[in-house]
Protein chains: 2
Amino acid sequence: MPEAFFMSSKLQDQTSPRVVILGAGFAGLRLARKLAKKDFDVTLIDRNNFHQFQPLFYQVATAGLAPSSISFPVLKVLHKADNVRFRLAEVEELKLDSNSVKTSIGAFEFDYLVIATGADTNYFNNEEIQRNSFPMKSVQESLQLRNRILECMEDALIAPTEAEREALMNIVVVGGGPTGTEVSGALAEMRDYVLPLDYPELDFSRMGIHLLEGSPRLLGGMSDKASENSLRSLEDMGVQVHLSSIVERYDGERVIVKGGEEIRSKTLIWAAGVKGNVLPGLPQDKIIANARVKVDEVNRMQDSDSVFVIGDLAYMEEGKFERGHPQVAQVAIQQADKLAKNLIAINRGNSPSAFHYNDLGSMATIGRNRAVVDLPWIKFHGFPAWMFWLFVHLMAILGVKNRLFIFIEWMWRYFTYDQSLRILIKQKPPR
Amino acid sequence: MPEAFFMSSKLQDQTSPRVVILGAGFAGLRLARKLAKKDFDVTLIDRNNFHQFQPLFYQVATAGLAPSSISFPVLKVLHKADNVRFRLAEVEELKLDSNSVKTSIGAFEFDYLVIATGADTNYFNNEEIQRNSFPMKSVQESLQLRNRILECMEDALIAPTEAEREALMNIVVVGGGPTGTEVSGALAEMRDYVLPLDYPELDFSRMGIHLLEGSPRLLGGMSDKASENSLRSLEDMGVQVHLSSIVERYDGERVIVKGGEEIRSKTLIWAAGVKGNVLPGLPQDKIIANARVKVDEVNRMQDSDSVFVIGDLAYMEEGKFERGHPQVAQVAIQQADKLAKNLIAINRGNSPSAFHYNDLGSMATIGRNRAVVDLPWIKFHGFPAWMFWLFVHLMAILGVKNRLFIFIEWMWRYFTYDQSLRILIKQKPPR
């Protein structure tokens with residue numbers, strides 16, 4: 001590390017154990033904050049200089065929120081953390097034998113390594129689908145999808161045939177988990193309230209929004225009641241839900257469903273699965289199905305003293321979570337909190353204690369006044385669930401100003417039925 | 001035009017004269033709005049689907065405002081304008097002989113053509129500077145500059161030598177007009193209040209912000225008093241102002257000033273001049289210096305009955321403006337208003353009347369509590385000028401929500417000294 005060139009008082013005590021954290025998502029950033037002002041020399045590395053609030057990507061994709069409202073500069077979070085440094089870099093390879101990480105800006109040595117690189121879209125090795133579909137696992141991808149939807153409407157205006165116009169207007173969403181369900185609902189509202197005003201020349205009764213789910217029910221991770229309610233809500237809103245439907249092929253025009261059904265659409269949103277972001281240098285025998293990394297009860301990688309994995313990438317069998325925890329923000333945050341305590345304990349010569357997930361419940365929003373909430377002691381839906389969803393997400397957003405902006409956007413949309421971020425900003429290629 | 005495919009009630013009366021407007025800037029969008037619900041069949045064409053509020057580009061570039069706050073979807077402006085259609089397209093060629101415009105999505109025929117394509121950066125044929133410098137004439141370019149500034153700070157952290165670190169941190173602005181003056185001031189505030197918190201490892205007392213102006217004074221279009229006040233303010237804020245300094249060469253590393261001075265900087269912002277966006281097919285003999293198009297007193301292109309030019313591109317000699325009007329929003333807006341009236345008059349068989357620019361004054365902001373304002377009856381500076389600038393710009397912004405968001409951003413920044421949009425969002429290349 002080019003330590004010698006820095007002028008700061010930060011990080012001068014070279015006797016503290018060096019913790020390198022890879023990834024500034026819910027898990028990595030939380031851990032860095034918890035280790036602030038503790039006796040560690042912490043380096044947080046991410047390929048973006050901002051934290052992304054994943055649960056609201058779908059609102060960026062449907063022109064409801066600005067990218068900046070759900071992005072938060074990592075450096076700002078760390079202003080008062082004198083022992084934490086952030087580096088904008090791509091990790092190239094883990095060198096676990098020599099306790100170092102090779103990155104695009106040089107190597108970083110560690111005493112403890114925490115891998116929190118999360119998960120990315122899983123196409124299950126279908127390259128044709130990967131090439132032709134739109135994922136939604138980053139702010140950039142959400143923006144790309146927003147641009148695509150707007151471009152398709154513009155192209156529909158000048159489509160030479162009725163069939164081509166329908167293919168441009170139709171949208172197919174694959175995957176009936178929270179992401180797929182939420183984006184389908186948001187698209188239906190866009191079609192019903194916003195697009196007809198923008199494009200009076202197009203007939204939006206012919207725009208189909210299709211949600212395809214491989215299993216027999218939506219929101220597989222939630223209660224039966226939530227599944228049924230979300231299905232009914234989506235159908236009320238005019239989303240065509242296809243259950244037990246597996247997509248076999250997609251050439252960019254035609255979605256071929258197993259069994260022979262065919263849907264014409266120029267836009268396929270793929271939200272059917274995730275896989276861990278494994279890094280070169282991770283031992284192959286530690287990687288299990290869907291590219292998750294097996295860890296022990298303190299999130300330590302097996303056969304290692306100094307390498308920990310937290311968040312979506314980690315696979316831990318615990319109590320009723322015998323096939324691993326759900327890959328959600330709550331697990332990431334709780335694992336980060338626990339690991340911070342454990343690192344402090346280890347550093348003091350004490351033993352770390354086992355992680356136990358406290359399942360606070362789960363929820364999904366479907367549209368205006370429509371949501372489903374499963375809490376440990378109660379399950380509810382409709383307007384109260386929707387209000388609850390809004391409140392919880394607003395409180396979870398980092399930054400008072402972002403919270404204020406999102407609140408205003410939501411109130412604005414509620415009363416005006418308008419999503420006013422329908423702007424197609426294409427960046428020039430970087431120099 | 002593929003008229004037959006559209007379903008809308010819009011634009012059915014094919015007997016109304018067809019007006020094609022090129023460009024949705026201050027001039028073009030204003031004209032389209034003024035022709036709404038009048039007896040014209042109007043097509044507005046732009047390469048972006050949003051109107052850009054140019055006077056605040058510099059705040060996007062310095063991480064003070066989100067791009068969406070100063071962009072407004074054109075389609076939304078036209079919701080109630082049944083006789084106005086918007087098309088997202090690139091103009092490829094004017095075919096004035098056949099009264100049509102060739103675009104990327106087909107040809108548009110017109111009875112009246114209004115060219116309002118504005119102006120772009122003028123490098124005065126210096127290709128080396130064009131290749132290596134950053135312009136600021138669109139939302140996209142402003143974002144690109146924001147990304148560049150943030151990247152340079154990241155690179156400075158790992159620069160191998162002191163000289164390279166200084167080149168990465170230094171910023172040179174060329175052009176002492178409103179844009180150059182405003183961006184220099186904003187950069188100085190970023191250096192003093194924001195960047196040291198983000199990058200405690202860097203020594204910001206060594207970051208130079210240089211403003212180079214070819215003439216002997218800043219804000220050449222304004223009063224001597226405004227020039228002097230802005231110079232004093234910038235120097236107070238630690239901007240190194242170089243008057244009568246002409247940049248000769250810039251290789252991306254070293255700015256060579258005429259006379260031999262040399263400044264090392266990896267970021268050069270070029271705001272030294274503009275030239276009209278002339279379109280292929282415009283008669284060469286109508287194009288004068290700096291690529292403006294000569295028009296008569298009703299903004300009609302010479303030797304033409306049906307082609308009008310308004311805004312930055314138009315060159316009209318009028319009264320004391322014997323070398324043309326200043327290329328500012330006020331002229332564009334007033335010309336659009338006048339042309340709307342004149343087109344309605346012509347359509348009714350009456351004569352158009354001459355345009356007269358009502359100069360309402362000009363202003364520039366330099367920083368917190370610092371601005372200069374020249375009104376026809378009074379010139380002032382400091383805090384009252386700054387408040388006046390804020391008020392006028394806020395009122396000029398399109399859209400109540402954008403206005404609210406910008407107001408909050410400004411209040412936030414005023415009280416916290418923070419610009420929280422320091423996020424480096426790079427889009428993937430479009431598919």
# chains A, B, ... in the order shown; residues from 1 in each chain; ligands from 1

$ residues_around --residues "Lys338 in chain B" --least-positions-apart "3" --cutoff "9 Å" --atoms "only C-alpha atoms" --output "NGL selection string"
:B and (31 or 298 or 333-335 or 341-343 or 353-356)

$ residues_around --residues "range 33-38 of chain A" --least-positions-apart "4" --cutoff "12 Å" --atoms "only C-alpha atoms" --output "MDAnalysis selection string"
chainID A and resid 10:11 13 16:21 24:29 42:44 74:86 333:345 347:348

$ residues_around --residues "Ala107 in chain A" --least-positions-apart "2" --cutoff "12 Å" --atoms "only C-alpha atoms" --output "MDAnalysis selection string"
(chainID A and resid 1:3 20 43 45 87 89:95 98:105 109:110) or (chainID B and resid 158)

$ residues_around --residues "Ser205 in chain B" --least-positions-apart "2" --cutoff "10 Å" --atoms "only C-alpha atoms" --output "PyMOL selection string"
chain B and resi 191-192+196+202-203+207-208+238

$ write_last_selection --atoms "N, CA and C atoms" --output "PDB file, in the first residue's frame"
ATOM      1  N   ARG B 191     -13.586  22.409  -2.460  1.00  0.00           N
ATOM      2  CA  ARG B 191     -12.251  22.180  -1.920  1.00  0.00           C
ATOM      3  C   ARG B 191     -12.170  22.561  -0.435  1.00  0.00           C
ATOM      4  N   ASP B 192     -12.859  23.647  -0.063  1.00  0.00           N
ATOM      5  CA  ASP B 192     -12.705  24.139   1.303  1.00  0.00           C
ATOM      6  C   ASP B 192     -13.597  23.420   2.310  1.00  0.00           C
ATOM      7  N   PRO B 196     -12.085  17.960   1.985  1.00  0.00           N
ATOM      8  CA  PRO B 196     -11.206  17.581   3.104  1.00  0.00           C
ATOM      9  C   PRO B 196     -11.852  16.575   4.061  1.00  0.00           C
ATOM     10  N   LEU B 202      -5.588  13.626   2.027  1.00  0.00           N
ATOM     11  CA  LEU B 202      -5.019  14.555   1.044  1.00  0.00           C
ATOM     12  C   LEU B 202      -4.900  15.956   1.653  1.00  0.00           C
ATOM     13  N   ASP B 203      -3.902  16.694   1.184  1.00  0.00           N
ATOM     14  CA  ASP B 203      -3.660  18.051   1.689  1.00  0.00           C
ATOM     15  C   ASP B 203      -4.262  19.068   0.709  1.00  0.00           C
ATOM     16  N   MET B 207      -4.265  22.134  -3.432  1.00  0.00           N
ATOM     17  CA  MET B 207      -5.132  22.021  -4.603  1.00  0.00           C
ATOM     18  C   MET B 207      -5.412  23.410  -5.159  1.00  0.00           C
ATOM     19  N   GLY B 208      -4.932  23.654  -6.375  1.00  0.00           N
ATOM     20  CA  GLY B 208      -5.132  24.963  -6.984  1.00  0.00           C
ATOM     21  C   GLY B 208      -6.356  24.981  -7.887  1.00  0.00           C
ATOM     22  N   GLY B 238      -9.908  32.075  -2.710  1.00  0.00           N
ATOM     23  CA  GLY B 238      -8.728  31.270  -3.026  1.00  0.00           C
ATOM     24  C   GLY B 238      -8.686  30.739  -4.446  1.00  0.00           C
TER      25      GLY B 238
END

$ residues_around --residues "range 210-214 of chain B" --least-positions-apart "4" --cutoff "12 Å" --atoms "only C-alpha atoms" --output "ChimeraX atom specification"
/B:169-185,187-188,218-220,227,230-231,234-235,237-248,255-258,261-265,267-273

$ closest_residue --among "A:Thr62, A:Ser351, A:Thr121, A:Ser133" --to "chain B" --atoms "only C-alpha atoms"
A:Ser133

$ select_by_dssp --residues "range 76-154 of chain B" --states "strand (DSSP E)" --output "PyMOL selection string"
chain B and resi 84-88+91-95+100-103+106-109+112-115+119-121

$ select_by_dssp --residues "range 125-274 of chain B" --states "helix (DSSP H, G or I)" --output "MDAnalysis selection string"
chainID B and resid 127:132 139:157 162:169 178:198 204:206 224:236

$ closest_residue --among "B:Val331, B:Ile346, B:Met316, B:Ala159" --to "chain A" --atoms "only C-alpha atoms"
B:Ala159

$ atom_distance --atom1 "CA of Ile70 in chain B" --atom2 "CA of Leu375 in chain B"
25.2 Å

$ decode --residues "range 393-418 of chain A" --atoms "N, CA and C atoms" --output "short mmCIF file (atom, residue, chain, number, x, y, z; two decimals), in the first residue's frame"
data_model
loop_
_atom_site.label_atom_id
_atom_site.label_comp_id
_atom_site.auth_asym_id
_atom_site.auth_seq_id
_atom_site.Cartn_x
_atom_site.Cartn_y
_atom_site.Cartn_z
N HIS A 393 -39.25 1.26 5.06
CA HIS A 393 -38.23 1.55 4.05
C HIS A 393 -37.68 2.96 4.20
N LEU A 394 -38.54 3.88 4.54
CA LEU A 394 -38.10 5.26 4.71
C LEU A 394 -37.10 5.35 5.87
N MET A 395 -37.37 4.65 6.94
CA MET A 395 -36.49 4.69 8.10
C MET A 395 -35.17 3.98 7.82
N ALA A 396 -35.20 3.02 6.90
CA ALA A 396 -33.98 2.25 6.62
C ALA A 396 -33.02 2.98 5.70
N ILE A 397 -33.51 4.00 4.99
CA ILE A 397 -32.68 4.73 4.03
C ILE A 397 -31.60 5.51 4.77
N LEU A 398 -30.41 5.50 4.20
CA LEU A 398 -29.29 6.21 4.79
C LEU A 398 -29.37 7.69 4.42
N GLY A 399 -29.26 8.57 5.40
CA GLY A 399 -29.18 10.00 5.10
C GLY A 399 -30.52 10.69 5.26
N VAL A 400 -30.53 11.74 6.04
CA VAL A 400 -31.77 12.47 6.31
C VAL A 400 -32.32 13.10 5.04
N LYS A 401 -31.42 13.64 4.21
CA LYS A 401 -31.90 14.31 3.00
C LYS A 401 -32.49 13.31 2.01
N ASN A 402 -31.82 12.16 1.81
CA ASN A 402 -32.39 11.13 0.94
C ASN A 402 -33.77 10.73 1.43
N ARG A 403 -33.91 10.59 2.75
CA ARG A 403 -35.18 10.20 3.34
C ARG A 403 -36.26 11.23 3.02
N LEU A 404 -35.87 12.50 3.16
CA LEU A 404 -36.81 13.60 2.87
C LEU A 404 -37.21 13.59 1.40
N PHE A 405 -36.23 13.41 0.52
CA PHE A 405 -36.52 13.41 -0.92
C PHE A 405 -37.42 12.26 -1.30
N ILE A 406 -37.15 11.09 -0.76
CA ILE A 406 -37.98 9.93 -1.09
C ILE A 406 -39.39 10.13 -0.55
N PHE A 407 -39.48 10.68 0.64
CA PHE A 407 -40.80 10.95 1.22
C PHE A 407 -41.60 11.89 0.30
N ILE A 408 -40.94 12.95 -0.16
CA ILE A 408 -41.63 13.89 -1.04
C ILE A 408 -42.03 13.21 -2.35
N GLU A 409 -41.10 12.43 -2.93
CA GLU A 409 -41.44 11.73 -4.17
C GLU A 409 -42.67 10.85 -3.98
N TRP A 410 -42.71 10.14 -2.87
CA TRP A 410 -43.83 9.21 -2.63
C TRP A 410 -45.14 9.95 -2.42
N MET A 411 -45.09 11.02 -1.63
CA MET A 411 -46.31 11.79 -1.40
C MET A 411 -46.78 12.40 -2.72
N TRP A 412 -45.81 12.93 -3.46
CA TRP A 412 -46.13 13.55 -4.74
C TRP A 412 -46.84 12.55 -5.66
N ARG A 413 -46.28 11.38 -5.75
CA ARG A 413 -46.82 10.37 -6.63
C ARG A 413 -48.21 9.94 -6.15
N TYR A 414 -48.34 9.87 -4.82
CA TYR A 414 -49.63 9.41 -4.28
C TYR A 414 -50.75 10.37 -4.66
N PHE A 415 -50.46 11.65 -4.59
CA PHE A 415 -51.53 12.62 -4.84
C PHE A 415 -51.67 12.99 -6.31
N THR A 416 -50.58 12.92 -7.08
CA THR A 416 -50.68 13.35 -8.48
C THR A 416 -50.73 12.19 -9.46
N TYR A 417 -50.51 10.98 -8.99
CA TYR A 417 -50.43 9.81 -9.87
C TYR A 417 -49.35 9.99 -10.93
N ASP A 418 -48.28 10.69 -10.58
CA ASP A 418 -47.27 10.99 -11.59
C ASP A 418 -45.90 10.49 -11.16
#
